[in-house]
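run24.txt (compact mmCIF, C-alpha atoms) appears below.
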# COMPACT_ATOMS: atom_id res chain seq x y z
CA MET A 189 0.00 0.00 0.00
CA ILE A 190 1.42 3.39 -1.00
CA SER A 191 1.56 5.79 1.93
CA ARG A 192 2.64 9.31 2.75
CA VAL A 193 3.98 10.62 6.05
CA VAL A 194 1.93 13.47 7.55
CA ASP A 195 3.14 14.74 10.92
CA ASN A 196 4.93 11.43 11.55
CA ILE A 197 1.79 9.44 10.75
CA TYR A 198 1.66 7.09 7.76
CA ILE A 199 -1.56 7.74 5.85
CA PRO A 200 -2.48 5.69 2.76
CA ILE A 201 -2.52 7.85 -0.38
CA LYS A 202 -6.08 6.74 -1.20
CA GLU A 203 -7.27 7.83 2.25
CA LEU A 204 -5.36 11.11 1.94
CA LEU A 205 -7.05 11.92 -1.38
CA ILE A 206 -10.46 11.24 0.12
CA LYS A 207 -9.69 13.46 3.12
CA LYS A 208 -8.45 16.25 0.84
CA SER A 209 -11.89 16.69 -0.72
CA ALA A 210 -13.97 15.72 2.33
CA LYS A 211 -15.88 18.30 4.33
CA PRO A 212 -16.61 17.82 8.03
CA ASP A 213 -20.13 18.28 9.36
CA VAL A 214 -20.16 21.57 11.30
CA PHE A 215 -23.10 23.33 12.95
CA ASP A 216 -23.27 27.07 12.31
CA SER A 217 -22.58 29.58 15.11
CA LEU A 218 -26.17 30.12 16.22
CA LYS A 219 -26.99 26.41 16.30
CA THR A 220 -23.75 25.80 18.20
CA LEU A 221 -24.61 28.35 20.88
CA GLN A 222 -28.20 27.14 21.16
CA MET A 223 -27.07 23.56 21.73
CA ILE A 224 -24.39 24.63 24.22
CA ASN A 225 -27.10 26.50 26.11
CA ASP A 226 -29.85 23.89 25.90
CA ARG A 227 -27.64 20.88 26.76
CA HIS A 228 -25.01 22.54 28.94
CA LEU A 229 -22.25 21.40 26.59
CA SER A 230 -18.62 22.17 27.23
CA ILE A 231 -16.70 23.14 24.11
CA SER A 232 -13.06 23.11 23.02
CA ARG A 233 -12.49 25.49 20.12
CA TYR A 234 -9.89 25.27 17.34
CA GLY A 235 -8.76 28.13 15.13
CA ASP A 236 -5.64 28.85 13.13
CA TYR A 237 -3.48 29.21 16.28
CA GLU A 238 -4.48 25.78 17.59
CA PHE A 239 -3.99 24.21 14.15
CA ASN A 240 -0.55 25.82 13.89
CA LEU A 241 0.43 24.47 17.30
CA ILE A 242 -0.61 20.97 16.24
CA ARG A 243 2.08 21.21 13.56
CA GLY A 244 4.64 22.31 16.13
CA LYS A 245 4.58 26.02 15.26
CA SER A 246 4.68 28.43 18.20
CA VAL A 247 2.11 31.22 18.17
CA GLY A 248 2.45 34.72 19.56
CA TYR A 249 1.62 33.97 23.18
CA GLN A 250 2.19 30.22 23.42
CA GLU A 251 5.31 28.19 22.66
CA ALA A 252 4.87 24.81 20.98
CA ASP A 253 4.98 22.60 24.06
CA GLN A 254 5.02 18.89 23.17
CA LYS A 255 2.44 17.96 25.81
CA LEU A 256 0.12 20.68 24.57
CA ILE A 257 0.58 19.56 20.97
CA GLN A 258 -0.35 16.00 21.89
CA LYS A 259 -3.41 17.07 23.89
CA LEU A 260 -4.58 19.32 21.04
CA ARG A 261 -4.25 16.44 18.58
CA GLU A 262 -6.11 14.00 20.81
CA THR A 263 -8.94 16.40 21.54
CA LEU A 264 -9.40 17.35 17.88
CA LYS A 265 -9.74 13.77 16.67
CA TYR A 266 -12.36 13.03 19.24
CA LYS A 267 -14.98 10.39 19.71
CA ARG A 268 -17.97 11.51 21.71
CA LYS A 269 -17.05 9.67 24.88
CA GLN A 270 -18.02 12.69 26.98
CA GLN A 271 -21.65 13.49 26.25
CA ASN A 272 -21.22 16.88 27.90
CA HIS A 273 -18.32 17.91 25.66
CA VAL A 274 -18.00 18.89 21.98
CA VAL A 275 -15.26 20.17 19.71
CA GLY A 276 -15.47 23.34 17.65
CA ILE A 277 -13.70 23.90 14.33
CA PRO A 278 -14.21 26.87 11.99
CA MET A 279 -17.45 26.72 10.03
CA THR A 280 -15.38 28.44 7.34
CA MET A 281 -13.92 25.02 6.51
CA VAL A 282 -17.33 24.24 5.05
CA SER A 283 -18.80 27.57 3.99
CA LEU A 284 -17.76 31.22 3.81
CA GLU A 285 -21.34 32.43 3.77
CA GLY A 286 -22.03 35.32 6.13
CA VAL A 287 -18.43 36.38 6.76
CA THR A 288 -16.80 39.56 5.50
CA SER A 289 -14.70 39.54 2.35
CA GLU A 290 -11.56 40.13 4.44
CA SER A 291 -12.33 37.13 6.64
CA ALA A 292 -13.22 35.02 3.60
CA ARG A 293 -9.86 35.81 1.97
CA PHE A 294 -7.99 34.81 5.11
CA TRP A 295 -9.76 31.49 5.55
CA ARG A 296 -9.74 30.65 1.84
CA LYS A 297 -5.97 31.08 1.76
CA TYR A 298 -5.44 29.30 5.08
CA PHE A 299 -7.45 26.22 4.21
CA ALA A 300 -6.08 26.01 0.68
CA LYS A 301 -2.72 25.47 2.34
CA ASN A 302 -3.76 23.48 5.41
CA GLN A 303 -7.10 21.74 5.06
CA THR A 304 -5.72 18.42 3.77
CA TRP A 305 -3.55 17.74 6.82
CA ILE A 306 -6.20 19.17 9.18
CA ASN A 307 -8.70 16.70 7.73
CA GLY A 308 -6.27 13.95 8.68
CA TYR A 309 -6.92 14.75 12.34
CA LEU A 310 -10.70 14.98 12.09
CA ASN A 311 -13.21 12.27 12.89
CA PHE A 312 -15.69 12.34 10.01
CA ASN A 313 -18.11 10.17 11.96
CA GLU A 314 -18.64 12.95 14.49
CA GLN A 315 -20.63 16.18 14.45
CA TYR A 316 -18.46 19.26 14.95
CA PHE A 317 -19.54 22.63 16.26
CA ASP A 318 -18.46 26.11 15.15
CA SER A 319 -15.37 27.50 16.85
CA GLN A 320 -16.19 30.98 15.51
CA ILE A 321 -18.90 31.56 18.13
CA SER A 322 -16.63 34.02 19.93
CA ARG A 323 -16.20 36.03 16.71
CA PHE A 324 -19.69 37.48 16.66
CA TRP A 325 -18.99 41.00 15.34
CA ILE A 326 -15.95 42.06 13.29
CA ASN A 327 -16.00 39.22 10.74
CA ARG A 328 -19.78 39.11 10.22
CA ASN A 329 -21.72 40.68 7.37
CA SER A 330 -25.10 40.62 9.08
CA LYS A 331 -25.19 42.70 12.23
CA GLU A 332 -28.68 41.33 12.90
CA TYR A 333 -27.15 37.85 13.05
CA SER A 334 -24.37 39.23 15.26
CA LEU A 335 -26.93 40.43 17.79
CA LYS A 336 -28.63 37.04 17.79
CA LEU A 337 -25.29 35.46 18.70
CA LEU A 338 -24.72 38.02 21.46
CA ASP A 339 -28.20 37.40 22.88
CA GLU A 340 -27.53 33.66 22.92
CA TRP A 341 -24.23 34.17 24.75
CA ARG A 342 -25.97 36.26 27.39
CA SER A 343 -28.66 33.63 27.73
CA ILE A 344 -25.98 31.02 28.53
CA TRP A 345 -24.82 32.80 31.70
CA ASN A 346 -28.09 34.52 32.61
CA GLY A 347 -28.55 34.41 36.39
CA LYS A 348 -25.58 32.09 36.90
CA ASN A 349 -22.50 32.07 39.08
CA VAL A 350 -19.59 32.27 36.67
CA LEU A 351 -15.97 31.29 37.28
CA LEU A 352 -13.76 33.07 34.75
CA VAL A 353 -10.31 31.65 34.03
CA GLU A 354 -8.32 34.21 32.07
CA GLY A 355 -4.93 35.67 31.23
CA GLU A 356 -3.44 38.34 33.47
CA PHE A 357 -4.37 41.24 31.20
CA SER A 358 -7.50 39.86 29.51
CA ARG A 359 -9.90 41.54 31.97
CA PHE A 360 -12.76 39.70 30.31
CA GLY A 361 -16.01 41.60 30.84
CA ALA A 362 -14.32 44.21 33.04
CA GLY A 363 -15.24 47.82 32.34
CA ASN A 364 -18.30 46.93 30.27
CA ASP A 365 -21.77 45.44 30.79
CA LEU A 366 -21.20 42.06 29.11
CA PHE A 367 -21.96 40.30 32.42
CA GLN A 368 -24.80 42.55 33.51
CA ASN A 369 -27.16 39.57 33.85
CA VAL A 370 -24.94 37.14 35.80
CA ARG A 371 -25.50 36.45 39.47
CA GLN A 372 -21.81 36.58 40.37
CA VAL A 373 -18.39 36.53 38.70
CA LYS A 374 -15.22 35.10 40.24
CA ARG A 375 -11.83 35.16 38.51
CA ILE A 376 -8.73 33.01 38.43
CA ILE A 377 -5.88 34.99 36.88
CA CYS A 378 -3.31 33.04 34.86
CA PRO A 379 -0.22 33.97 32.82
CA SER A 380 -0.99 35.95 29.67
CA GLU A 381 1.76 34.12 27.78
CA ASN A 382 2.78 30.45 27.82
CA ALA A 383 -0.08 29.62 30.17
CA PHE A 384 0.21 25.92 29.37
CA GLN A 385 3.50 25.77 31.28
CA SER A 386 1.33 26.28 34.40
CA TYR A 387 -1.37 23.85 33.24
CA ASP A 388 -1.35 21.45 36.19
CA LEU A 389 -1.51 24.33 38.66
CA ILE A 390 -4.34 25.99 36.71
CA LEU A 391 -6.34 22.77 36.48
CA GLU A 392 -5.91 22.12 40.20
CA GLU A 393 -7.04 25.62 41.14
CA VAL A 394 -10.08 25.52 38.86
CA LEU A 395 -11.17 22.14 40.20
CA LYS A 396 -10.77 23.44 43.76
CA ASN A 397 -13.21 26.30 43.09
CA ALA A 398 -15.48 25.31 40.20
CA ASP A 399 -17.80 22.92 42.04
CA ARG A 400 -19.45 25.90 43.71
CA GLU A 401 -20.14 27.64 40.40
CA ASP A 402 -22.66 27.09 37.60
CA LEU A 403 -20.41 27.81 34.62
CA VAL A 404 -16.68 28.05 33.88
CA LEU A 405 -15.65 30.47 31.12
CA LEU A 406 -12.12 30.10 29.74
CA ALA A 407 -10.24 32.93 28.04
CA LEU A 408 -6.76 31.43 27.90
CA GLY A 409 -5.84 30.76 24.28
CA PRO A 410 -4.90 27.19 23.29
CA THR A 411 -4.67 26.24 26.97
CA ALA A 412 -8.43 26.79 27.19
CA THR A 413 -8.97 24.37 24.31
CA VAL A 414 -7.63 21.39 26.25
CA LEU A 415 -8.72 22.66 29.66
CA ALA A 416 -12.38 22.66 28.59
CA TYR A 417 -12.13 18.93 27.84
CA ASP A 418 -10.40 18.07 31.10
CA LEU A 419 -12.99 20.03 33.07
CA ALA A 420 -15.85 18.37 31.19
CA LYS A 421 -14.47 14.98 32.22
CA GLU A 422 -14.90 16.16 35.81
CA GLY A 423 -18.57 16.92 35.14
CA LEU A 424 -18.16 20.69 34.90
CA TRP A 425 -19.72 23.03 32.33
CA ALA A 426 -16.73 24.73 30.74
CA ILE A 427 -16.83 26.96 27.67
CA ASP A 428 -13.76 28.11 25.77
CA SER A 429 -15.03 31.66 25.20
CA GLY A 430 -11.87 33.03 23.60
CA ASN A 431 -11.94 36.52 22.12
CA LEU A 432 -15.58 37.25 22.95
CA ASP A 433 -14.90 40.20 25.25
CA MET A 434 -12.73 42.01 22.68
CA GLU A 435 -15.44 41.46 20.08
CA TYR A 436 -17.93 42.97 22.50
CA GLU A 437 -15.71 46.01 23.02
CA TRP A 438 -15.52 46.51 19.24
CA TYR A 439 -19.28 46.06 19.00
CA LEU A 440 -19.87 48.74 21.66
CA ARG A 441 -17.69 51.12 19.64
CA ASN A 442 -19.29 50.06 16.34
CA LYS A 443 -15.84 49.32 14.91
CA LYS A 444 -15.40 47.55 11.58
CA GLN A 445 -11.70 46.88 12.17
CA LYS A 446 -9.86 45.55 15.21
CA GLU A 447 -8.28 48.17 17.44
CA ILE A 448 -6.56 48.48 20.82
CA ILE A 449 -8.86 48.51 23.83
CA PRO A 450 -7.21 50.31 26.75
CA GLY A 451 -6.39 47.97 29.62
CA LYS A 452 -7.00 44.77 27.65
CA TYR A 453 -4.50 42.39 26.05
CA SER A 454 -4.79 41.46 22.38
CA ILE A 455 -2.21 39.84 20.13
CA GLU A 456 -4.36 40.61 17.08
CA VAL A 457 -3.74 44.36 17.11
CA ASP A 458 -0.41 46.14 16.70
CA GLY A 459 0.62 47.30 20.15
CA GLY A 460 -2.16 45.28 21.79
CA THR A 461 0.20 43.38 24.09
CA ARG A 462 1.41 46.58 25.76
CA VAL A 463 -1.42 46.92 28.23
CA SER A 464 -2.03 50.10 30.22
CA VAL A 465 -2.74 49.83 33.94
CA ILE A 466 -6.35 50.53 34.85
CA ARG A 467 -7.65 50.49 38.42
CA ASP A 468 -11.00 48.73 38.70
CA GLU A 469 -12.14 47.88 42.23
CA LYS A 470 -15.01 45.66 41.08
CA TYR A 471 -12.65 43.63 38.90
CA GLU A 472 -10.11 43.30 41.73
CA GLU A 473 -12.79 42.12 44.16
CA GLN A 474 -13.77 39.31 41.78
CA ILE A 475 -10.26 37.75 41.79
CA ILE A 476 -10.05 34.67 44.01
CA ALA A 477 -6.64 33.39 42.86
CA LYS A 478 -3.60 34.65 40.96
CA LEU A 479 -1.34 32.03 39.40
CA ILE A 480 1.25 34.42 37.98
Could you write out this structure as structure tokens?
Amino acid sequence: MISRVVDNIYIPIKELLIKKSAKPDVFDSLKTLQMINDRHLSISRYGDYEFNLIRGKSVGYQEADQKLIQKLRETLKYKRKQQNHVVGIPMTMVSLEGVTSESARFWRKYFAKNQTWINGYLNFNEQYFDSQISRFWINRNSKEYSLKLLDEWRSIWNGKNVLLVEGEFSRFGAGNDLFQNVRQVKRIICPSENAFQSYDLILEEVLKNADREDLVLLALGPTATVLAYDLAKEGLWAIDSGNLDMEYEWYLRNKKQKEIIPGKYSIEVDGGTRVSVIRDEKYEEQIIAKLI
């Protein structure tokens, strides 16, 4: 049998050709959020950074740690052993409908180069969910649809006690009204860069505190992708919520392009990692642990 090596895995050429043209089954963003809400599903989300790490390429705020790479690979090629956990991949692998022309160009180019090997890690017998749920504003053509996504997000945490696990300078939901309808927010602050190097400590701290909360939100880059799965195995409701807060800030400002938000870390904007110090007593009071 003729084979080809892809990331140190021998894949038969016939299977590789099939995978090259195959399309995974992916729910759209609204359906994804509705099912997360209705069934209390935890979700691990994959975007270009997570895919790049799988291939051993460091990204701006996370070095390519071998343990992280292995966990990302295992979680991506999942079988639905955990009924409370799902995996999100970009709906743009299947369709570019509804995204801006700029976003469509990016994903078209990215998947033209990478989709074949990404397909090699997917389980085509499973239903995937959309990892772009956190990208509700900037990349969307329909602002009406954007608001539906935002409403669904707010419905997820409505009246709940939320444990937020985030990078040191993320300040997710701080200084805005994104969490105006939660009962209570508590925060565990983690390193903004190379958070996975503190993974065992982060997991231990979350498990120590999460059983008293209704929902765990993770804003911790690729570390959140694998953490959501490990928390789901412990019976917790954990959502990798990613860049949602920055999207909300851009929505509040009615911005069409990404820009720096004072006091909040973003690797996607020039100068966005140089974060200004902002005193916020409410935010400080919500912090129950600092792992930095």
Under the rule of at most 10 Å, produce a per-residue listing of stretch 256-287 of chain A near stretch 300-311 of chain A: chain, number, name, the closest pair of atoms, and the distance in Å, as a tab-separated table, using only C-alpha atoms.
residue	atom	partner	partner_atom	distance
A:Arg261	CA	A:Tyr309	CA	7.0
A:Glu262	CA	A:Tyr309	CA	8.5
A:Thr263	CA	A:Tyr309	CA	9.6
A:Leu264	CA	A:Leu310	CA	6.4
A:Lys265	CA	A:Leu310	CA	4.8
A:Tyr266	CA	A:Asn311	CA	6.5
A:Lys267	CA	A:Asn311	CA	7.3
A:Ile277	CA	A:Leu310	CA	9.7
A:Met281	CA	A:Gln303	CA	7.7
Exercise: A:Ser319 partners within 9 Å, all atoms listed in the file, chain neighbours under 5 positions left out, as a PyMOL selection string: chain A and resi 217+220+231-235+275-279
By how many Å are atom CA of A:Gln368 and atom CA of A:Gly347 apart?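 So the answer is 9.4 Å.
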Could you check the closest approach to A:Trp295 for each of A:Asp428, A:Asp216, A:Asp236, A:Glu354 and tell me which residue wins, using all atoms listed in the file?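 Answer, going by the shortest atom-to-atom distance: A:Asp236.
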Which residues, written as a list in words, have at least one atom at most 9 Å from A:Pro410, with all atoms listed in the file counted and residues fewer than 2 positions away on the same chain left out?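 Contacts, in chain order: Arg233, Tyr234, Tyr237, Glu238, Leu241, Gln250, Leu256, Leu260, Ala383, Phe384, Leu408, Ala412, Thr413, Val414 and Leu415 of chain A.
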